[in-house]
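Text of the file model03.txt, holding compact mmCIF, C-alpha atoms (C1' of nucleotides):
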```
# COMPACT_ATOMS: atom_id res chain seq x y z
CA MET A 257 0.00 0.00 0.00
CA SER A 258 1.40 3.39 -1.01
CA ARG A 259 2.11 6.20 1.38
CA VAL A 260 -0.60 8.38 -0.16
CA VAL A 261 -3.21 5.68 0.29
CA ARG A 262 -2.09 5.12 3.85
CA ASP A 263 -2.31 8.85 4.58
CA SER A 264 -5.79 9.02 3.11
CA ILE A 265 -6.90 6.13 5.26
CA GLN A 266 -5.61 7.91 8.32
CA ILE A 267 -7.60 10.98 7.41
CA LEU A 268 -10.72 8.88 7.03
CA GLN A 269 -10.22 7.35 10.45
CA ALA A 270 -9.32 10.63 12.08
CA GLN A 271 -12.58 12.14 10.86
CA GLY A 272 -14.58 9.21 12.14
CA TYR A 273 -15.30 7.55 8.81
CA LYS A 274 -15.04 3.80 8.44
CA VAL A 275 -12.21 2.33 6.45
CA THR A 276 -14.10 -0.06 4.22
CA LYS A 277 -13.00 -2.30 1.42
CA PRO A 278 -14.75 -0.20 -1.26
CA ARG A 279 -13.08 2.96 0.00
CA ARG A 280 -9.67 1.33 0.00
CA GLN A 281 -10.24 0.00 -3.49
CA VAL A 282 -11.21 3.37 -4.89
CA LEU A 283 -8.21 4.98 -3.25
CA GLU A 284 -5.97 2.38 -4.80
CA VAL A 285 -7.24 2.70 -8.35
CA LEU A 286 -6.93 6.46 -8.20
CA GLU A 287 -3.41 6.14 -6.89
CA GLU A 288 -2.44 3.45 -9.39
CA VAL A 289 -3.78 5.08 -12.48
CA GLN A 290 -2.80 8.69 -11.83
CA ARG A 291 -5.21 10.19 -14.28
CA PRO A 292 -8.77 11.49 -13.99
CA LEU A 293 -11.32 8.71 -13.69
CA SER A 294 -15.08 8.97 -13.84
CA PRO A 295 -17.14 6.89 -11.42
CA TYR A 296 -17.86 4.40 -14.18
CA ASP A 297 -14.20 4.33 -15.23
CA ILE A 298 -13.39 3.26 -11.71
CA GLN A 299 -16.08 0.61 -11.79
CA ARG A 300 -14.75 -0.78 -15.07
CA LEU A 301 -11.15 -0.83 -13.90
CA LEU A 302 -12.02 -2.59 -10.67
CA ARG A 303 -14.12 -5.10 -12.53
CA GLN A 304 -11.09 -5.95 -14.66
CA GLU A 305 -9.35 -6.93 -11.45
CA GLY A 306 -12.33 -9.08 -10.54
CA LYS A 307 -13.61 -6.61 -7.96
CA TYR A 308 -17.20 -5.46 -8.06
CA LEU A 309 -18.47 -2.16 -6.69
CA ASN A 310 -21.93 -0.78 -7.28
CA HIS A 311 -21.79 2.51 -9.11
CA VAL A 312 -23.89 4.19 -6.44
CA THR A 313 -21.26 3.30 -3.90
CA ILE A 314 -18.56 4.80 -6.06
CA TYR A 315 -20.49 8.03 -6.45
CA ARG A 316 -20.87 8.31 -2.70
CA ILE A 317 -17.25 7.50 -2.03
CA LEU A 318 -16.07 10.14 -4.49
CA ASP A 319 -18.38 12.69 -2.92
CA LEU A 320 -16.88 11.97 0.43
CA PHE A 321 -13.32 12.06 -0.87
CA CYS A 322 -13.93 15.45 -2.45
CA CYS A 323 -15.36 16.81 0.79
CA LEU A 324 -12.31 15.58 2.68
CA ASN A 325 -9.99 16.91 0.00
CA LEU A 326 -8.69 13.45 -0.74
CA ALA A 327 -9.75 13.79 -4.35
CA HIS A 328 -10.59 16.53 -6.81
CA LYS A 329 -12.85 16.71 -9.77
CA VAL A 330 -10.84 17.73 -12.82
CA LEU A 331 -12.85 20.38 -14.52
CA SER A 332 -11.91 19.95 -18.13
CA SER A 333 -12.54 16.21 -18.19
CA GLY A 334 -15.02 15.68 -15.38
CA GLY A 335 -12.93 12.87 -13.98
CA PHE A 336 -11.64 12.51 -10.46
CA VAL A 337 -8.02 12.44 -9.32
CA LYS A 338 -6.29 11.81 -6.08
CA CYS A 339 -5.03 14.99 -4.47
CA SER A 340 -1.30 15.21 -4.38
CA LEU A 341 -0.60 18.49 -2.60
CA GLU A 342 -1.07 18.96 1.08
CA GLY A 343 -2.17 21.98 2.99
CA LYS A 344 -3.35 23.96 0.05
CA GLY A 345 -6.45 25.74 1.18
CA GLY A 346 -8.95 26.93 -1.37
CA CYS A 347 -6.84 26.31 -4.41
CA HIS A 348 -6.50 23.65 -7.06
CA ARG A 349 -4.19 23.98 -10.04
CA LEU A 350 -3.41 21.46 -12.70
CA MET A 351 -1.43 21.11 -15.87
CA VAL A 352 -2.84 18.57 -18.29
CA CYS A 353 -0.97 17.27 -21.31
CA ARG A 354 -3.26 17.11 -24.33
CA CYS A 355 -1.13 14.38 -25.88
CA CYS A 356 -0.63 11.79 -23.18
CA GLY A 357 -3.09 13.05 -20.60
CA ALA A 358 -0.37 13.36 -17.99
CA LEU A 359 -1.40 15.46 -15.10
CA GLN A 360 0.57 17.59 -12.72
CA GLU A 361 -0.79 19.39 -9.72
CA PHE A 362 0.92 22.53 -8.58
CA ALA A 363 0.52 25.43 -6.18
CA SER A 364 1.38 29.09 -6.40
CA GLU A 365 0.95 31.69 -3.73
CA GLY A 366 1.69 34.36 -6.30
CA LEU A 367 -1.13 33.31 -8.60
CA CYS A 368 -3.59 33.15 -5.70
CA GLN A 369 -2.70 36.64 -4.57
CA GLU A 370 -2.95 38.08 -8.03
CA GLU A 371 -6.31 36.43 -8.61
CA ASN A 372 -7.57 37.71 -5.29
CA GLU A 373 -6.51 41.24 -6.08
CA LEU A 374 -8.05 41.23 -9.52
CA ALA A 375 -11.27 39.95 -8.05
CA GLN A 376 -11.32 42.49 -5.29
CA ASN A 377 -10.96 45.28 -7.81
CA SER A 378 -14.43 44.38 -9.01
CA GLY A 379 -15.78 43.89 -5.50
CA PHE A 380 -15.61 40.13 -5.66
CA HIS A 381 -14.52 38.15 -2.59
CA THR A 382 -12.73 35.03 -3.66
CA GLU A 383 -12.87 31.82 -1.67
CA TYR A 384 -11.65 29.16 -4.02
CA HIS A 385 -9.38 29.07 -7.05
CA LEU A 386 -9.48 26.48 -9.76
CA SER A 387 -7.18 26.56 -12.71
CA GLU A 388 -6.16 24.18 -15.41
CA SER A 389 -3.54 24.82 -18.02
CA SER A 390 -3.58 22.51 -20.97
CA GLY A 391 -0.63 22.07 -23.25
CA VAL A 392 2.17 19.63 -23.98
CA CYS A 393 4.33 18.01 -21.33
CA SER A 394 8.10 17.84 -21.65
CA ASP A 395 8.14 14.20 -22.75
CA CYS A 396 5.61 14.68 -25.51
CA TYR A 397 7.28 17.90 -26.58
CA LYS A 398 10.58 16.10 -27.16
CA LYS A 399 8.91 13.43 -29.27
CA GLN A 400 7.38 15.93 -31.65
CA MET B 100 -31.95 42.21 -30.60
CA SER B 101 -28.86 42.96 -28.51
CA ARG B 102 -25.54 43.99 -29.91
CA VAL B 103 -23.89 40.78 -28.72
CA VAL B 104 -26.47 38.65 -30.47
CA ARG B 105 -26.11 40.70 -33.63
CA ASP B 106 -22.31 40.32 -33.51
CA SER B 107 -22.60 36.58 -33.05
CA ILE B 108 -24.92 36.35 -36.02
CA GLN B 109 -22.41 38.22 -38.12
CA ILE B 110 -19.70 35.78 -37.10
CA LEU B 111 -21.91 32.87 -38.09
CA GLN B 112 -22.55 34.38 -41.50
CA ALA B 113 -18.95 35.37 -42.02
CA GLN B 114 -17.86 31.78 -41.45
CA GLY B 115 -20.42 30.44 -43.85
CA TYR B 116 -22.89 29.05 -41.31
CA LYS B 117 -26.61 29.54 -41.73
CA VAL B 118 -28.44 31.90 -39.44
CA THR B 119 -31.34 29.70 -38.41
CA LYS B 120 -34.19 30.24 -36.02
CA PRO B 121 -32.86 27.67 -33.52
CA ARG B 122 -29.43 29.30 -33.50
CA ARG B 123 -30.93 32.75 -32.94
CA GLN B 124 -33.09 31.40 -30.15
CA VAL B 125 -30.18 29.80 -28.35
CA LEU B 126 -28.15 32.98 -28.68
CA GLU B 127 -30.99 34.97 -27.22
CA VAL B 128 -31.57 32.80 -24.16
CA LEU B 129 -27.88 32.78 -23.37
CA GLU B 130 -27.77 36.54 -23.71
CA GLU B 131 -30.96 37.06 -21.70
CA VAL B 132 -30.14 34.81 -18.82
CA GLN B 133 -26.45 35.58 -18.33
CA ARG B 134 -25.67 32.48 -16.37
CA PRO B 135 -24.45 29.03 -17.32
CA LEU B 136 -27.14 26.92 -18.93
CA SER B 137 -27.02 23.24 -19.75
CA PRO B 138 -28.51 22.08 -23.05
CA TYR B 139 -31.60 20.88 -21.23
CA ASP B 140 -31.82 24.14 -19.27
CA ILE B 141 -31.99 25.93 -22.58
CA GLN B 142 -34.65 23.57 -23.84
CA ARG B 143 -36.77 24.13 -20.73
CA LEU B 144 -36.43 27.91 -20.86
CA LEU B 145 -37.37 28.08 -24.51
CA ARG B 146 -40.32 25.79 -23.93
CA GLN B 147 -41.59 28.22 -21.31
CA GLU B 148 -41.70 30.81 -24.05
CA GLY B 149 -43.64 28.39 -26.22
CA LYS B 150 -40.65 27.58 -28.41
CA TYR B 151 -39.66 24.01 -29.03
CA LEU B 152 -36.17 22.83 -29.90
CA ASN B 153 -35.07 19.24 -29.97
CA HIS B 154 -32.30 18.60 -27.46
CA VAL B 155 -30.09 17.12 -30.15
CA THR B 156 -30.28 20.38 -32.03
CA ILE B 157 -29.27 22.29 -28.93
CA TYR B 158 -26.28 20.05 -28.37
CA ARG B 159 -25.13 20.61 -31.91
CA ILE B 160 -25.64 24.36 -31.73
CA LEU B 161 -23.66 24.61 -28.51
CA ASP B 162 -20.84 22.56 -30.02
CA LEU B 163 -20.70 24.95 -32.92
CA PHE B 164 -20.83 28.03 -30.70
CA CYS B 165 -17.95 26.71 -28.63
CA CYS B 166 -15.88 26.06 -31.74
CA LEU B 167 -16.52 29.59 -32.96
CA ASN B 168 -15.81 31.00 -29.49
CA LEU B 169 -19.32 32.38 -29.23
CA ALA B 170 -19.91 30.39 -26.07
CA HIS B 171 -17.89 28.67 -23.40
CA LYS B 172 -18.50 25.69 -21.23
CA VAL B 173 -18.20 26.69 -17.60
CA LEU B 174 -16.15 23.94 -16.08
CA SER B 175 -17.34 23.94 -12.52
CA SER B 176 -21.02 23.74 -13.42
CA GLY B 177 -20.96 22.17 -16.87
CA GLY B 178 -23.25 24.88 -18.21
CA PHE B 179 -22.70 27.08 -21.20
CA VAL B 180 -22.37 30.86 -21.30
CA LYS B 181 -22.17 33.45 -23.99
CA CYS B 182 -18.63 34.74 -24.40
CA SER B 183 -18.22 38.30 -23.33
CA LEU B 184 -14.58 39.08 -24.04
CA GLU B 185 -13.19 39.53 -27.49
CA GLY B 186 -9.82 38.69 -28.84
CA LYS B 187 -8.65 36.63 -25.90
CA GLY B 188 -6.59 33.82 -27.35
CA GLY B 189 -6.11 30.66 -25.37
CA CYS B 190 -7.49 31.93 -22.11
CA HIS B 191 -10.75 31.78 -20.24
CA ARG B 192 -11.23 33.20 -16.76
CA LEU B 193 -14.37 33.46 -14.73
CA MET B 194 -15.53 34.57 -11.33
CA VAL B 195 -18.66 32.80 -10.14
CA CYS B 196 -20.68 33.94 -7.15
CA ARG B 197 -21.68 30.97 -5.03
CA CYS B 198 -24.72 32.86 -3.70
CA CYS B 199 -26.50 34.24 -6.74
CA GLY B 200 -24.59 32.42 -9.49
CA ALA B 201 -23.57 35.73 -11.05
CA LEU B 202 -20.78 35.32 -13.47
CA GLN B 203 -18.04 37.62 -14.59
CA GLU B 204 -15.53 36.92 -17.28
CA PHE B 205 -12.18 38.61 -17.08
CA ALA B 206 -8.76 38.60 -18.68
CA SER B 207 -5.28 39.10 -17.30
CA GLU B 208 -2.07 39.14 -19.23
CA GLY B 209 -0.18 38.99 -15.95
CA LEU B 210 -1.82 35.77 -14.86
CA CYS B 211 -1.22 34.17 -18.23
CA GLN B 212 2.45 35.04 -18.16
CA GLU B 213 2.90 33.77 -14.64
CA GLU B 214 1.12 30.54 -15.44
CA ASN B 215 3.25 30.08 -18.53
CA GLU B 216 6.45 30.62 -16.59
CA LEU B 217 5.50 28.24 -13.81
CA ALA B 218 4.64 25.61 -16.39
CA GLN B 219 7.84 26.09 -18.31
CA ASN B 220 9.85 25.55 -15.15
CA SER B 221 8.64 21.97 -15.21
CA GLY B 222 9.10 21.61 -18.95
CA PHE B 223 5.45 22.05 -19.75
CA HIS B 224 4.39 24.05 -22.80
CA THR B 225 1.11 25.76 -22.14
CA GLU B 226 -1.44 26.41 -24.85
CA TYR B 227 -4.64 27.18 -23.02
CA HIS B 228 -5.54 28.58 -19.62
CA LEU B 229 -8.76 27.96 -17.79
CA SER B 230 -9.49 29.40 -14.42
CA GLU B 231 -12.52 29.83 -12.29
CA SER B 232 -12.60 31.61 -8.98
CA SER B 233 -15.61 31.06 -6.83
CA GLY B 234 -16.61 33.38 -4.03
CA VAL B 235 -19.11 36.09 -3.21
CA CYS B 236 -19.94 38.98 -5.50
CA SER B 237 -20.16 42.53 -4.23
CA ASP B 238 -23.97 42.59 -4.11
CA CYS B 239 -24.27 39.39 -2.12
CA TYR B 240 -21.43 40.47 0.14
CA LYS B 241 -23.29 43.64 1.11
CA LYS B 242 -26.46 41.71 1.94
CA GLN B 243 -24.67 39.40 4.34
C1' DT C 44 -18.16 -11.90 20.22
C1' DC C 45 -21.99 -8.78 20.08
C1' DA C 46 -24.58 -4.49 19.19
C1' DT C 47 -25.17 -0.72 16.37
C1' DA C 48 -24.60 2.93 13.41
C1' DA C 49 -22.49 3.58 9.18
C1' DT C 50 -21.88 1.88 4.74
C1' DT C 51 -22.96 -0.75 0.77
C1' DG C 52 -25.90 -3.05 -2.72
C1' DC C 53 -30.01 -3.27 -5.22
C1' DA C 54 -33.95 -1.83 -7.90
C1' DA C 55 -36.17 1.53 -10.08
C1' DT C 56 -36.08 5.72 -12.29
C1' DA C 57 -34.47 10.20 -13.93
C1' DA C 58 -31.44 12.91 -16.47
C1' DT C 59 -28.08 13.61 -19.89
C1' DG C 60 -25.61 12.42 -24.35
C1' DT C 61 -25.12 10.21 -28.99
C1' DT C 62 -26.06 8.29 -33.70
C1' DG C 63 -28.26 7.53 -38.27
C1' DC C 64 -31.55 8.96 -41.24
C1' DA C 65 -35.75 11.44 -43.05
C1' DT C 66 -37.50 16.08 -43.37
C1' DT C 67 -37.15 20.93 -43.47
C1' DT C 68 -35.04 25.37 -44.33
C1' DA C 69 -31.69 29.29 -45.31
C1' DA C 70 -28.92 30.94 -48.92
C1' DC C 71 -27.98 31.57 -53.56
C1' DA C 72 -28.78 31.66 -58.48
C1' DT C 73 -32.01 32.27 -61.63
C1' DA D 216 -40.55 35.59 -56.73
C1' DT D 217 -39.23 30.73 -57.43
C1' DG D 218 -36.52 26.64 -57.56
C1' DT D 219 -32.29 24.19 -56.21
C1' DT D 220 -29.24 22.40 -52.99
C1' DA D 221 -26.33 21.81 -49.16
C1' DA D 222 -26.80 22.57 -44.49
C1' DA D 223 -29.41 22.22 -40.48
C1' DT D 224 -33.11 20.37 -37.79
C1' DG D 225 -36.22 16.83 -35.88
C1' DC D 226 -37.14 12.24 -34.72
C1' DA D 227 -36.51 7.66 -32.93
C1' DA D 228 -33.87 4.64 -30.76
C1' DC D 229 -30.41 3.86 -27.75
C1' DA D 230 -26.31 4.45 -24.57
C1' DT D 231 -24.41 6.42 -20.68
C1' DT D 232 -24.42 8.75 -16.42
C1' DA D 233 -26.67 10.18 -12.10
C1' DT D 234 -30.10 9.94 -8.13
C1' DT D 235 -33.25 8.04 -4.47
C1' DG D 236 -35.29 4.95 -0.96
C1' DC D 237 -34.78 0.95 1.37
C1' DA D 238 -33.00 -3.67 2.69
C1' DA D 239 -28.75 -6.21 3.65
C1' DT D 240 -24.09 -6.04 5.13
C1' DT D 241 -19.98 -4.64 7.66
C1' DA D 242 -16.43 -1.97 10.43
C1' DT D 243 -16.00 -0.33 14.90
C1' DG D 244 -16.00 -0.03 19.92
C1' DA D 245 -17.77 -2.14 24.03
```

How does this structure look as structure tokens?
Amino acid sequence: MSRVVRDSIQILQAQGYKVTKPRRQVLEVLEEVQRPLSPYDIQRLLRQEGKYLNHVTIYRILDLFCCLNLAHKVLSSGGFVKCSLEGKGGCHRLMVCRCCGALQEFASEGLCQEENELAQNSGFHTEYHLSESSGVCSDCYKKQ
Amino acid sequence: MSRVVRDSIQILQAQGYKVTKPRRQVLEVLEEVQRPLSPYDIQRLLRQEGKYLNHVTIYRILDLFCCLNLAHKVLSSGGFVKCSLEGKGGCHRLMVCRCCGALQEFASEGLCQEENELAQNSGFHTEYHLSESSGVCSDCYKKQ
DNA sequence: TCATAATTGCAATAATGTTGCATTTAACAT
DNA sequence: ATGTTAAATGCAACATTATTGCAATTATGA
């Protein structure tokens, strides 16, 4: 079991949620695959490993994970990914490679501040930042 | 007919697309409502005005509008909005009020540059920026 | 090992998307 | 004006995704 999965399990326990087989399985697929997965993607992948989860269960698990910041919904694709950055409050930034789908999460205090300021100039009080840059990752760029 | 709708119609014509009743109707709802609408939202709204469009038609119209940059898909909600900024290449930024749903599109060269630089530091070549800040708009903030 | 609340599975249904093909319509030439 | 034609729409059928209430199961702490 990977460190990230173990950490997530600890968070579940700490918050009083049960550590069930379905929850562990979803954590593990997300960690394994490292790309955005829809609820049904997850169901299909697990089924390939001979594991069956009802789709309703998966929906509920993903809801919970998002609430606990263990997973994020990737906006451009609608899929879910495991969170990789800790302690980032109110901010979620991704780079997505349009060739291979590779995904990199990053943080930037500078960007957050600038976004906040811009918003405040029009009287808007920002609580949460989402941003996704799409482009070509270094590997794919070399191959071109 | 609003200026924005008229402009959009001109773009359609200029690109060789027909200016049909369904396309005009979709443009007008989007312009009227000024918040993200799903295809079925649009169908429901039009039906309330006694106008009927098949949902398939609406899907196709929205696809076209997005290609021509006449509309955008708002990532966090999945709805579609009329584009309000001209000449912004490869960038789409929104502020969404979590109280009233009000929506403001904005642009920022500074943010784009910073995002590009951050990406390049990890070898990533950025082509398109999406960002959505959610929070409270000035009106709703006053009422609180 | 037992009790119990939380979690999962199931069934039914709703909502959203997609495809191929017949019909209609806007645009253009006459 | 009218006819022609390619483009656009509507329709039917279907596929996929999402939601709800309730019964069965299971992780947890005593």

- [ ] Dump as a ChimeraX atom specification the residues of chain A that approach chain B to within 12 Å, counting only C-alpha atoms.
- [x] /A:328-335,346-355,358-398

Can you work out which residues from chain D touch chain B at a cut-off of 9 Å (counting only C-alpha atoms (C1' of nucleotides)) and hand them back as a ChimeraX atom specification?
/D:222-226

Atom pair CA of Phe179 in chain B + CA of Leu136 in chain B, distance 5.0 Å

Sorted per-residue table, chain C near chain B, closest atoms and distance, 12 Å, all atoms listed in the file, as CSV:
```
residue,atom,partner,partner_atom,distance
C:DA58,C1',B:Tyr139,CA,9.3
C:DT59,C1',B:Tyr139,CA,8.2
C:DG60,C1',B:Tyr158,CA,8.7
C:DT61,C1',B:Val155,CA,8.6
C:DT62,C1',B:Val155,CA,10.3
C:DT67,C1',B:Thr119,CA,11.7
C:DT68,C1',B:Thr119,CA,8.2
C:DA69,C1',B:Lys117,CA,6.2
C:DA70,C1',B:Lys117,CA,7.7
```

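Here the question is which of B:Leu167, B:Cys182, B:Val128, B:Leu145 gets nearest to Gln112 in chain B using all atoms listed in the file, and that residue is B:Leu167.
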
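Take C1' of DA49 in chain C and CA of Glu288 in chain A: the distance between them is 27.3 Å.
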
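Relative to CA of Leu144 in chain B, CA of Ser107 in chain B is found at 20.4 Å.
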